[in-house]
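To be precise, the following lines are data-v7.cif, and they hold mmCIF, C-alpha atoms; chains and numbers go by the auth columns.
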data_upload
loop_
_atom_site.group_PDB
_atom_site.id
_atom_site.type_symbol
_atom_site.label_atom_id
_atom_site.label_comp_id
_atom_site.label_asym_id
_atom_site.label_seq_id
_atom_site.Cartn_x
_atom_site.Cartn_y
_atom_site.Cartn_z
_atom_site.B_iso_or_equiv
_atom_site.auth_seq_id
_atom_site.auth_asym_id
ATOM 1 C CA MET A 1 37.061 66.452 -44.982 0.00 1 N
ATOM 2 C CA SER A 2 35.092 66.735 -41.771 0.00 2 N
ATOM 3 C CA ARG A 3 32.567 69.464 -41.377 0.00 3 N
ATOM 4 C CA PHE A 4 29.537 70.281 -39.221 0.00 4 N
ATOM 5 C CA ALA A 5 26.105 70.657 -40.787 0.00 5 N
ATOM 6 C CA SER A 6 22.937 71.276 -38.799 0.00 6 N
ATOM 7 C CA GLY A 7 24.519 70.070 -35.564 0.00 7 N
ATOM 8 C CA ARG A 8 25.612 66.719 -37.112 0.00 8 N
ATOM 9 C CA ARG A 9 29.140 65.672 -37.894 0.00 9 N
ATOM 10 C CA ILE A 10 29.613 64.559 -41.496 0.00 10 N
ATOM 11 C CA ILE A 11 32.610 62.591 -42.803 0.00 11 N
ATOM 12 C CA SER A 12 33.113 63.001 -46.550 0.00 12 N
ATOM 13 C CA GLY A 13 29.494 63.955 -47.068 0.00 13 N
ATOM 14 C CA VAL A 14 28.084 60.893 -45.170 0.00 14 N
ATOM 15 C CA PRO A 15 26.478 61.438 -41.751 0.00 15 N
ATOM 16 C CA VAL A 16 27.968 59.432 -38.879 0.00 16 N
ATOM 17 C CA TRP A 17 24.591 58.091 -37.724 0.00 17 N
ATOM 18 C CA ARG A 18 24.058 56.443 -41.135 0.00 18 N
ATOM 19 C CA CYS A 19 27.365 54.613 -40.845 0.00 19 N
ATOM 20 C CA LEU A 20 26.383 53.318 -37.451 0.00 20 N
ATOM 21 C CA GLN A 21 23.007 52.204 -38.814 0.00 21 N
ATOM 22 C CA GLN A 22 24.688 50.245 -41.599 0.00 22 N
ATOM 23 C CA ILE A 23 27.053 48.557 -39.146 0.00 23 N
ATOM 24 C CA THR A 24 24.149 47.554 -36.904 0.00 24 N
ATOM 25 C CA ARG A 25 22.157 46.069 -39.795 0.00 25 N
ATOM 26 C CA ALA A 26 25.122 44.105 -41.114 0.00 26 N
ATOM 27 C CA PRO A 27 26.523 42.132 -38.153 0.00 27 N
ATOM 28 C CA ASN A 28 28.720 40.040 -40.457 0.00 28 N
ATOM 29 C CA TYR A 29 30.814 43.061 -41.400 0.00 29 N
ATOM 30 C CA THR A 30 33.324 45.003 -39.404 0.00 30 N
ATOM 31 C CA THR A 31 34.350 48.572 -39.810 0.00 31 N
ATOM 32 C CA LYS A 32 37.881 49.528 -40.616 0.00 32 N
ATOM 33 C CA ALA A 33 38.061 53.279 -40.141 0.00 33 N
ATOM 34 C CA GLN A 34 40.838 55.354 -41.615 0.00 34 N
ATOM 35 C CA PRO A 35 42.436 58.166 -39.611 0.00 35 N
ATOM 36 C CA LEU A 36 40.581 61.419 -39.708 0.00 36 N
ATOM 37 C CA PHE A 37 43.597 63.345 -40.877 0.00 37 N
ATOM 38 C CA GLY A 38 44.951 60.743 -43.345 0.00 38 N
ATOM 39 C CA PRO A 39 44.790 60.814 -47.076 0.00 39 N
ATOM 40 C CA GLN A 40 41.505 58.911 -47.055 0.00 40 N
ATOM 41 C CA THR A 41 38.867 59.880 -44.533 0.00 41 N
ATOM 42 C CA SER A 42 35.992 57.639 -45.614 0.00 42 N
ATOM 43 C CA SER A 43 35.021 54.645 -43.526 0.00 43 N
ATOM 44 C CA VAL A 44 35.342 51.239 -45.221 0.00 44 N
ATOM 45 C CA LEU A 45 33.260 48.156 -44.417 0.00 45 N
ATOM 46 C CA MET A 46 35.352 44.973 -44.435 0.00 46 N
ATOM 47 C CA PRO A 47 33.892 41.458 -44.346 0.00 47 N
ATOM 48 C CA CYS A 48 34.261 39.647 -41.032 0.00 48 N
ATOM 49 C CA ARG A 49 35.540 36.062 -41.068 0.00 49 N
ATOM 50 C CA LEU A 50 34.434 35.265 -37.521 0.00 50 N
ATOM 51 C CA PRO A 51 31.422 32.963 -37.169 0.00 51 N
ATOM 52 C CA PRO A 52 28.100 34.628 -36.412 0.00 52 N
ATOM 53 C CA THR A 53 27.357 35.228 -32.760 0.00 53 N
ATOM 54 C CA ASN A 54 23.864 33.761 -32.924 0.00 54 N
ATOM 55 C CA ARG A 55 25.270 30.504 -34.322 0.00 55 N
ATOM 56 C CA LEU A 56 27.673 30.163 -31.403 0.00 56 N
ATOM 57 C CA LEU A 57 24.902 30.842 -28.949 0.00 57 N
ATOM 58 C CA SER A 58 22.706 28.189 -30.556 0.00 58 N
ATOM 59 C CA ILE A 59 25.453 25.532 -30.335 0.00 59 N
ATOM 60 C CA ARG A 60 26.522 26.040 -26.738 0.00 60 N
ATOM 61 C CA PRO A 61 23.138 25.366 -25.087 0.00 61 N
ATOM 62 C CA VAL A 62 22.669 22.261 -27.241 0.00 62 N
ATOM 63 C CA SER A 63 26.057 20.844 -26.278 0.00 63 N
ATOM 64 C CA TRP A 64 25.443 21.664 -22.614 0.00 64 N
ATOM 65 C CA SER A 65 22.022 20.021 -22.699 0.00 65 N
ATOM 66 C CA ALA A 66 23.381 16.976 -24.507 0.00 66 N
ATOM 67 C CA SER A 67 26.139 16.518 -21.969 0.00 67 N
ATOM 68 C CA ARG A 68 23.661 16.991 -19.153 0.00 68 N
ATOM 69 C CA LEU A 69 21.306 14.465 -20.758 0.00 69 N
ATOM 70 C CA CYS A 70 24.061 11.900 -21.266 0.00 70 N
ATOM 71 C CA HIS A 71 25.208 12.388 -17.696 0.00 71 N
ATOM 72 C CA GLY A 72 21.669 11.937 -16.429 0.00 72 N
ATOM 73 C CA ASN A 73 21.141 8.786 -18.492 0.00 73 N
ATOM 74 C CA SER A 74 24.383 7.251 -17.315 0.00 74 N
ATOM 75 C CA ARG A 75 23.533 8.050 -13.735 0.00 75 N
ATOM 76 C CA GLY A 76 20.057 6.593 -14.066 0.00 76 N
ATOM 77 C CA THR A 77 21.466 3.489 -15.735 0.00 77 N
ATOM 78 C CA THR A 78 23.992 3.075 -12.949 0.00 78 N
ATOM 79 C CA GLU A 79 21.343 3.420 -10.265 0.00 79 N
ATOM 80 C CA SER A 80 19.046 0.952 -11.997 0.00 80 N
ATOM 81 C CA ASN A 81 21.906 -1.507 -12.430 0.00 81 N
ATOM 82 C CA ASN A 82 22.802 -1.163 -8.769 0.00 82 N
ATOM 83 C CA SER A 83 19.209 -1.749 -7.734 0.00 83 N
ATOM 84 C CA LYS A 84 18.904 -4.816 -9.986 0.00 84 N
ATOM 85 C CA GLU A 85 22.397 -6.107 -9.325 0.00 85 N
ATOM 86 C CA GLY A 86 22.425 -9.245 -7.249 0.00 86 N
ATOM 87 C CA PHE A 87 24.922 -10.272 -4.608 0.00 87 N
ATOM 88 C CA SER A 88 27.835 -12.674 -4.861 0.00 88 N
ATOM 89 C CA LEU A 89 29.974 -14.577 -2.417 0.00 89 N
ATOM 90 C CA ARG A 90 32.729 -12.021 -2.979 0.00 90 N
ATOM 91 C CA ALA A 91 30.721 -9.645 -0.819 0.00 91 N
ATOM 92 C CA LEU A 92 31.779 -11.745 2.192 0.00 92 N
ATOM 93 C CA THR A 93 35.061 -9.833 2.174 0.00 93 N
ATOM 94 C CA GLN A 94 33.087 -6.741 3.207 0.00 94 N
ATOM 95 C CA ALA A 95 31.404 -8.481 6.143 0.00 95 N
ATOM 96 C CA PRO A 96 32.312 -7.323 9.657 0.00 96 N
ATOM 97 C CA LYS A 97 34.559 -9.844 11.372 0.00 97 N
ATOM 98 C CA PRO A 98 32.297 -10.388 14.420 0.00 98 N
ATOM 99 C CA ALA A 99 29.308 -11.189 12.213 0.00 99 N
ATOM 100 C CA LEU A 100 31.338 -13.453 9.945 0.00 100 N
ATOM 101 C CA TYR A 101 33.081 -15.347 12.749 0.00 101 N
ATOM 102 C CA LEU A 102 29.935 -15.806 14.812 0.00 102 N
ATOM 103 C CA GLY A 103 27.979 -16.909 11.755 0.00 103 N
ATOM 104 C CA VAL A 104 30.553 -19.499 10.744 0.00 104 N
ATOM 105 C CA SER A 105 30.944 -20.763 14.312 0.00 105 N
ATOM 106 C CA GLY A 106 27.180 -21.229 14.428 0.00 106 N
ATOM 107 C CA LEU A 107 27.592 -24.025 11.889 0.00 107 N
ATOM 108 C CA ILE A 108 29.578 -26.204 14.307 0.00 108 N
ATOM 109 C CA PRO A 109 26.510 -27.905 15.879 0.00 109 N
ATOM 110 C CA PHE A 110 25.092 -28.507 12.407 0.00 110 N
ATOM 111 C CA VAL A 111 28.250 -30.053 10.946 0.00 111 N
ATOM 112 C CA SER A 112 29.558 -31.912 13.994 0.00 112 N
ATOM 113 C CA ALA A 113 26.553 -34.256 14.263 0.00 113 N
ATOM 114 C CA PRO A 114 26.781 -35.839 10.778 0.00 114 N
ATOM 115 C CA LEU A 115 30.591 -35.899 10.940 0.00 115 N
ATOM 116 C CA LEU A 116 30.543 -37.822 14.206 0.00 116 N
ATOM 117 C CA MET A 117 27.967 -40.299 12.933 0.00 117 N
ATOM 118 C CA ALA A 118 29.846 -40.727 9.660 0.00 118 N
ATOM 119 C CA ALA A 119 33.087 -41.396 11.563 0.00 119 N
ATOM 120 C CA THR A 120 31.453 -44.121 13.662 0.00 120 N
ATOM 121 C CA GLN A 121 29.266 -45.322 10.773 0.00 121 N
ATOM 122 C CA SER A 122 26.275 -45.350 13.105 0.00 122 N
ATOM 123 C CA PHE A 123 23.111 -43.303 13.444 0.00 123 N
ATOM 124 C CA TYR A 124 22.419 -41.844 16.896 0.00 124 N
ATOM 125 C CA PRO A 125 18.820 -40.623 17.357 0.00 125 N
ATOM 126 C CA GLU A 126 19.731 -38.454 20.353 0.00 126 N
ATOM 127 C CA LEU A 127 22.456 -36.696 18.393 0.00 127 N
ATOM 128 C CA ALA A 128 20.207 -36.242 15.380 0.00 128 N
ATOM 129 C CA TYR A 129 17.419 -34.826 17.544 0.00 129 N
ATOM 130 C CA ALA A 130 19.894 -32.415 19.164 0.00 130 N
ATOM 131 C CA GLN A 131 20.775 -31.239 15.678 0.00 131 N
ATOM 132 C CA VAL A 132 17.093 -30.730 14.864 0.00 132 N
ATOM 133 C CA VAL A 133 16.554 -28.779 18.101 0.00 133 N
ATOM 134 C CA TYR A 134 19.496 -26.527 17.325 0.00 134 N
ATOM 135 C CA GLY A 135 18.177 -25.985 13.805 0.00 135 N
ATOM 136 C CA ALA A 136 14.746 -25.082 15.193 0.00 136 N
ATOM 137 C CA SER A 137 16.320 -22.506 17.512 0.00 137 N
ATOM 138 C CA ILE A 138 18.204 -20.978 14.569 0.00 138 N
ATOM 139 C CA VAL A 139 15.005 -20.779 12.511 0.00 139 N
ATOM 140 C CA SER A 140 13.230 -19.043 15.386 0.00 140 N
ATOM 141 C CA PHE A 141 16.175 -16.667 15.783 0.00 141 N
ATOM 142 C CA LEU A 142 15.996 -15.693 12.110 0.00 142 N
ATOM 143 C CA GLY A 143 12.317 -14.852 12.455 0.00 143 N
ATOM 144 C CA GLY A 144 13.018 -12.655 15.471 0.00 144 N
ATOM 145 C CA ALA A 145 15.826 -10.885 13.597 0.00 145 N
ATOM 146 C CA ARG A 146 13.380 -9.823 10.890 0.00 146 N
ATOM 147 C CA TRP A 147 10.931 -8.592 13.495 0.00 147 N
ATOM 148 C CA GLY A 148 13.668 -6.471 15.046 0.00 148 N
ATOM 149 C CA PHE A 149 14.660 -5.172 11.616 0.00 149 N
ATOM 150 C CA ALA A 150 11.178 -3.888 10.806 0.00 150 N
ATOM 151 C CA ILE A 151 10.434 -2.253 14.170 0.00 151 N
ATOM 152 C CA PRO A 152 12.987 0.635 14.421 0.00 152 N
ATOM 153 C CA ALA A 153 12.017 4.035 13.034 0.00 153 N
ATOM 154 C CA GLY A 154 13.497 4.786 9.633 0.00 154 N
ATOM 155 C CA SER A 155 13.858 1.129 8.670 0.00 155 N
ATOM 156 C CA PRO A 156 13.235 0.359 4.963 0.00 156 N
ATOM 157 C CA ALA A 157 10.946 -2.494 6.075 0.00 157 N
ATOM 158 C CA GLN A 158 7.660 -1.181 7.391 0.00 158 N
ATOM 159 C CA PRO A 159 6.118 -2.835 10.480 0.00 159 N
ATOM 160 C CA ASP A 160 3.044 -3.933 8.551 0.00 160 N
ATOM 161 C CA TRP A 161 1.094 -7.179 8.583 0.00 161 N
ATOM 162 C CA MET A 162 3.201 -8.769 5.857 0.00 162 N
ATOM 163 C CA ASN A 163 6.630 -8.147 7.374 0.00 163 N
ATOM 164 C CA LEU A 164 5.680 -8.899 10.971 0.00 164 N
ATOM 165 C CA GLY A 165 3.445 -11.821 9.993 0.00 165 N
ATOM 166 C CA ASN A 166 6.204 -13.396 7.911 0.00 166 N
ATOM 167 C CA SER A 167 8.564 -12.952 10.834 0.00 167 N
ATOM 168 C CA VAL A 168 6.313 -15.092 13.015 0.00 168 N
ATOM 169 C CA VAL A 169 6.061 -17.993 10.530 0.00 169 N
ATOM 170 C CA PRO A 170 9.627 -19.317 11.127 0.00 170 N
ATOM 171 C CA SER A 171 9.009 -19.454 14.866 0.00 171 N
ATOM 172 C CA LEU A 172 5.874 -21.512 14.298 0.00 172 N
ATOM 173 C CA LEU A 173 7.810 -23.899 12.044 0.00 173 N
ATOM 174 C CA ALA A 174 10.494 -24.241 14.693 0.00 174 N
ATOM 175 C CA TRP A 175 7.864 -25.136 17.296 0.00 175 N
ATOM 176 C CA LEU A 176 6.374 -27.680 14.908 0.00 176 N
ATOM 177 C CA ALA A 177 9.791 -29.272 14.384 0.00 177 N
ATOM 178 C CA LEU A 178 10.242 -29.714 18.139 0.00 178 N
ATOM 179 C CA LEU A 179 7.012 -31.679 18.299 0.00 179 N
ATOM 180 C CA CYS A 180 8.451 -34.302 15.935 0.00 180 N
ATOM 181 C CA ARG A 181 10.540 -35.961 18.614 0.00 181 N
ATOM 182 C CA ASP A 182 9.577 -39.476 17.627 0.00 182 N
ATOM 183 C CA ASN A 183 10.146 -38.861 13.924 0.00 183 N
ATOM 184 C CA ILE A 184 13.558 -37.308 13.190 0.00 184 N
ATOM 185 C CA THR A 185 12.942 -37.271 9.457 0.00 185 N
ATOM 186 C CA GLU A 186 9.866 -35.079 9.698 0.00 186 N
ATOM 187 C CA GLY A 187 11.542 -32.749 12.195 0.00 187 N
ATOM 188 C CA ALA A 188 14.595 -32.328 9.958 0.00 188 N
ATOM 189 C CA LEU A 189 12.405 -31.640 6.937 0.00 189 N
ATOM 190 C CA VAL A 190 10.461 -28.972 8.832 0.00 190 N
ATOM 191 C CA VAL A 191 13.737 -27.312 9.868 0.00 191 N
ATOM 192 C CA ILE A 192 14.944 -27.365 6.260 0.00 192 N
ATOM 193 C CA MET A 193 11.652 -25.799 5.216 0.00 193 N
ATOM 194 C CA GLY A 194 12.063 -23.087 7.848 0.00 194 N
ATOM 195 C CA LEU A 195 15.634 -22.327 6.761 0.00 195 N
ATOM 196 C CA GLY A 196 14.634 -22.043 3.107 0.00 196 N
ATOM 197 C CA LEU A 197 11.621 -19.867 3.881 0.00 197 N
ATOM 198 C CA SER A 198 13.716 -17.557 6.060 0.00 198 N
ATOM 199 C CA LEU A 199 16.295 -17.196 3.310 0.00 199 N
ATOM 200 C CA HIS A 200 13.545 -16.388 0.825 0.00 200 N
ATOM 201 C CA TYR A 201 12.244 -13.645 3.123 0.00 201 N
ATOM 202 C CA ASP A 202 15.704 -12.141 3.587 0.00 202 N
ATOM 203 C CA LEU A 203 16.565 -12.084 -0.102 0.00 203 N
ATOM 204 C CA THR A 204 13.285 -10.973 -1.664 0.00 204 N
ATOM 205 C CA LEU A 205 10.736 -9.578 0.785 0.00 205 N
ATOM 206 C CA LEU A 206 12.725 -7.412 3.169 0.00 206 N
ATOM 207 C CA PRO A 207 14.767 -4.631 1.526 0.00 207 N
ATOM 208 C CA GLY A 208 17.742 -2.914 3.065 0.00 208 N
ATOM 209 C CA TYR A 209 19.981 -5.848 3.942 0.00 209 N
ATOM 210 C CA PRO A 210 23.579 -5.315 2.746 0.00 210 N
ATOM 211 C CA SER A 211 25.124 -7.584 0.138 0.00 211 N
ATOM 212 C CA TRP A 212 27.544 -9.186 2.580 0.00 212 N
ATOM 213 C CA PHE A 213 24.682 -10.211 4.857 0.00 213 N
ATOM 214 C CA LYS A 214 22.748 -11.781 1.982 0.00 214 N
ATOM 215 C CA ALA A 215 25.842 -13.689 0.857 0.00 215 N
ATOM 216 C CA MET A 216 26.536 -14.883 4.387 0.00 216 N
ATOM 217 C CA ARG A 217 22.924 -15.934 4.907 0.00 217 N
ATOM 218 C CA THR A 218 22.983 -17.926 1.682 0.00 218 N
ATOM 219 C CA LEU A 219 26.213 -19.703 2.575 0.00 219 N
ATOM 220 C CA LEU A 220 25.143 -20.542 6.130 0.00 220 N
ATOM 221 C CA THR A 221 21.731 -21.773 5.007 0.00 221 N
ATOM 222 C CA LEU A 222 23.241 -24.059 2.377 0.00 222 N
ATOM 223 C CA VAL A 223 25.714 -25.602 4.814 0.00 223 N
ATOM 224 C CA ALA A 224 23.030 -26.117 7.481 0.00 224 N
ATOM 225 C CA THR A 225 20.658 -27.677 4.935 0.00 225 N
ATOM 226 C CA PHE A 226 23.285 -30.092 3.600 0.00 226 N
ATOM 227 C CA SER A 227 24.202 -31.123 7.146 0.00 227 N
ATOM 228 C CA LEU A 228 20.589 -32.080 7.846 0.00 228 N
ATOM 229 C CA VAL A 229 20.401 -33.951 4.540 0.00 229 N
ATOM 230 C CA ALA A 230 23.599 -35.783 5.481 0.00 230 N
ATOM 231 C CA THR A 231 22.045 -36.813 8.802 0.00 231 N
ATOM 232 C CA LEU A 232 18.970 -38.182 7.041 0.00 232 N
ATOM 233 C CA THR A 233 21.204 -40.072 4.603 0.00 233 N
ATOM 234 C CA ILE A 234 23.165 -41.649 7.476 0.00 234 N
ATOM 235 C CA LYS A 235 19.890 -42.596 9.130 0.00 235 N
ATOM 236 C CA LYS A 236 18.864 -44.469 5.999 0.00 236 N
ATOM 237 C CA TYR A 237 22.080 -46.363 5.315 0.00 237 N
ATOM 238 C CA CYS A 238 23.709 -46.834 8.722 0.00 238 N
ATOM 239 C CA THR A 239 22.690 -48.917 11.713 0.00 239 N
ATOM 240 C CA GLU A 240 20.910 -47.151 14.517 0.00 240 N
ATOM 241 C CA LYS A 241 22.519 -47.046 17.926 0.00 241 N
ATOM 242 C CA LYS A 242 21.617 -45.210 21.092 0.00 242 N
ATOM 243 C CA ILE A 243 24.134 -43.301 23.170 0.00 243 N
ATOM 244 C CA LYS A 244 22.597 -44.611 26.422 0.00 244 N
ATOM 245 C CA GLU A 245 23.205 -48.204 25.407 0.00 245 N
ATOM 246 C CA ILE A 246 26.815 -47.461 24.564 0.00 246 N
ATOM 247 C CA GLN A 247 27.438 -45.831 27.942 0.00 247 N
ATOM 248 C CA THR A 248 26.004 -48.837 29.829 0.00 248 N
#

Full structure transcribed into structure tokens:
Amino acid sequence: MSRFASGRRIISGVPVWRCLQQITRAPNYTTKAQPLFGPQTSSVLMPCRLPPTNRLLSIRPVSWSASRLCHGNSRGTTESNNSKEGFSLRALTQAPKPALYLGVSGLIPFVSAPLLMAATQSFYPELAYAQVVYGASIVSFLGGARWGFAIPAGSPAQPDWMNLGNSVVPSLLAWLALLCRDNITEGALVVIMGLGLSLHYDLTLLPGYPSWFKAMRTLLTLVATFSLVATLTIKKYCTEKKIKEIQT
């Protein structure tokens, strides 16, 4: 029975503070207390089947850290794959229509010259030189586009000696091609060199160009190069005629 002794409450001869001390020292046990006025008034310690609290706390941070680590690794892998991922011709579907239409229409002077000469089975020096002049202007335009890309503030390409110096090289090649008026073969080869060098700059040296632009530049450069090669092939295997002589 309950009684008071020296200011402490005692249940069946056991002080209450000792029961609490035993419960605190044994966290794996739970207390099932009987009613004070029942037939049994002693407190009974029953084993607890719940998992320890410290074990749960040790598992949760590990799982959270593991999920965070896996998420970080997947994100880093994705970013690295995106940075290393190349472009494909499928990116042309993302190109703005004005850029795509103007770029494709810019191939008309390149393609029309060899097609006309192949249809007549004759080589016209004036027409071939006009094709070389147009190619030189395109090469110079590509160099100026890179200069304009590196100048604005916030551009990923810094206006340093490498970027601006490389932007001037295509213009110099275009000027050199115009000097080869008496030798169409050399002029066409210089234009092809300028187109290939400009494409190399756009794909490797200057960062920040979108994938659709790189795909479009590759396609346009290949078509322009093959048109110049076709003109040189016609020059080698077809008879040469001049447009002035035909008009007279």

In Å, with one decimal, what is the gap from atom CA of Leu195 of chain N to atom CA of Thr221 of chain N?
-> 6.4 Å

Spell out the residues picked by the PyMOL selection byres ((chain N and resi 209) around 12) here, as a list of chain:residue names.
->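 Selected by the PyMOL selection byres ((chain N and resi 209) around 12) in this file: N:Gly86, N:Phe87, N:Ala95, N:Ala145, N:Arg146, N:Phe149, N:Ala150, N:Ser155, N:Pro156, N:Ala157, N:Leu199, N:Tyr201, N:Asp202, N:Leu203, N:Thr204, N:Leu205, N:Leu206, N:Pro207, N:Gly208, N:Pro210, N:Ser211, N:Trp212, N:Phe213, N:Lys214, N:Ala215, N:Met216, N:Arg217.
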
Between atom CA of Leu178 of chain N and atom CA of Val133 of chain N, what is the spacing in Å?
->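 Atom CA of Leu178 of chain N lies at a distance of 6.4 Å from atom CA of Val133 of chain N.
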
What does the distance between atom CA of Leu228 of chain N and atom CA of Ser167 of chain N come to in Å, to one decimal place?
->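 Between atom CA of Leu228 of chain N and atom CA of Ser167 of chain N the gap works out to 22.8 Å.
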
Residues in the PyMOL selection byres ((chain N and resi 111-125) around 9), expressed as a list in words =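 Here the PyMOL selection byres ((chain N and resi 111-125) around 9) matches Leu107, Ile108, Pro109, Phe110, Glu126, Leu127, Ala128, Tyr129, Ala130, Gln131, Ile184, Val223, Ala224, Phe226, Ser227, Leu228, Ala230, Thr231, Leu232, Ile234, Lys235, Lys236, Tyr237, Cys238, Thr239, Glu240, Lys241, Lys242 and Ile243 of chain N.
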
Limited to C-alpha atoms, could you put the picked residues into a file as an mmCIF file, in the frame of the given file?
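Here's the written file part_26.cif:
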data_model
loop_
_atom_site.group_PDB
_atom_site.id
_atom_site.type_symbol
_atom_site.label_atom_id
_atom_site.label_comp_id
_atom_site.auth_asym_id
_atom_site.auth_seq_id
_atom_site.Cartn_x
_atom_site.Cartn_y
_atom_site.Cartn_z
ATOM 1 C CA LEU N 107 27.592 -24.025 11.889
ATOM 2 C CA ILE N 108 29.578 -26.204 14.307
ATOM 3 C CA PRO N 109 26.510 -27.905 15.879
ATOM 4 C CA PHE N 110 25.092 -28.507 12.407
ATOM 5 C CA GLU N 126 19.731 -38.454 20.353
ATOM 6 C CA LEU N 127 22.456 -36.696 18.393
ATOM 7 C CA ALA N 128 20.207 -36.242 15.380
ATOM 8 C CA TYR N 129 17.419 -34.826 17.544
ATOM 9 C CA ALA N 130 19.894 -32.415 19.164
ATOM 10 C CA GLN N 131 20.775 -31.239 15.678
ATOM 11 C CA ILE N 184 13.558 -37.308 13.190
ATOM 12 C CA VAL N 223 25.714 -25.602 4.814
ATOM 13 C CA ALA N 224 23.030 -26.117 7.481
ATOM 14 C CA PHE N 226 23.285 -30.092 3.600
ATOM 15 C CA SER N 227 24.202 -31.123 7.146
ATOM 16 C CA LEU N 228 20.589 -32.080 7.846
ATOM 17 C CA ALA N 230 23.599 -35.783 5.481
ATOM 18 C CA THR N 231 22.045 -36.813 8.802
ATOM 19 C CA LEU N 232 18.970 -38.182 7.041
ATOM 20 C CA ILE N 234 23.165 -41.649 7.476
ATOM 21 C CA LYS N 235 19.890 -42.596 9.130
ATOM 22 C CA LYS N 236 18.864 -44.469 5.999
ATOM 23 C CA TYR N 237 22.080 -46.363 5.315
ATOM 24 C CA CYS N 238 23.709 -46.834 8.722
ATOM 25 C CA THR N 239 22.690 -48.917 11.713
ATOM 26 C CA GLU N 240 20.910 -47.151 14.517
ATOM 27 C CA LYS N 241 22.519 -47.046 17.926
ATOM 28 C CA LYS N 242 21.617 -45.210 21.092
ATOM 29 C CA ILE N 243 24.134 -43.301 23.170
#

Convert the output of the PyMOL selection byres ((chain N and resi 142) around 12) on the shown file into explicit residues, formatted as JSON, numbers by chain.
-> {"N": [135, 136, 137, 138, 139, 140, 141, 143, 144, 145, 146, 147, 148, 149, 166, 167, 168, 169, 170, 171, 172, 173, 174, 194, 195, 196, 197, 198, 199, 200, 201, 202, 217, 220, 221]}

Any idea what's packed within 7 Å of Val132 of chain N, counting only C-alpha atoms, ignoring anything in its chain fewer than 6 positions away? Could you give it as a ChimeraX atom specification?
-> /N:187-188,191

Select, from N:Leu219, N:Ile192, N:Asn183, N:Thr225, the residue with the minimum atom-to-atom distance to Leu100 of chain N, counting all atoms listed in the file.
-> N:Leu219

Shortest contact to Leu189 of chain N, candidates N:Val229, N:Ala91, N:Ile151, N:Ala99, atoms counted all atoms listed in the file, goes to N:Val229
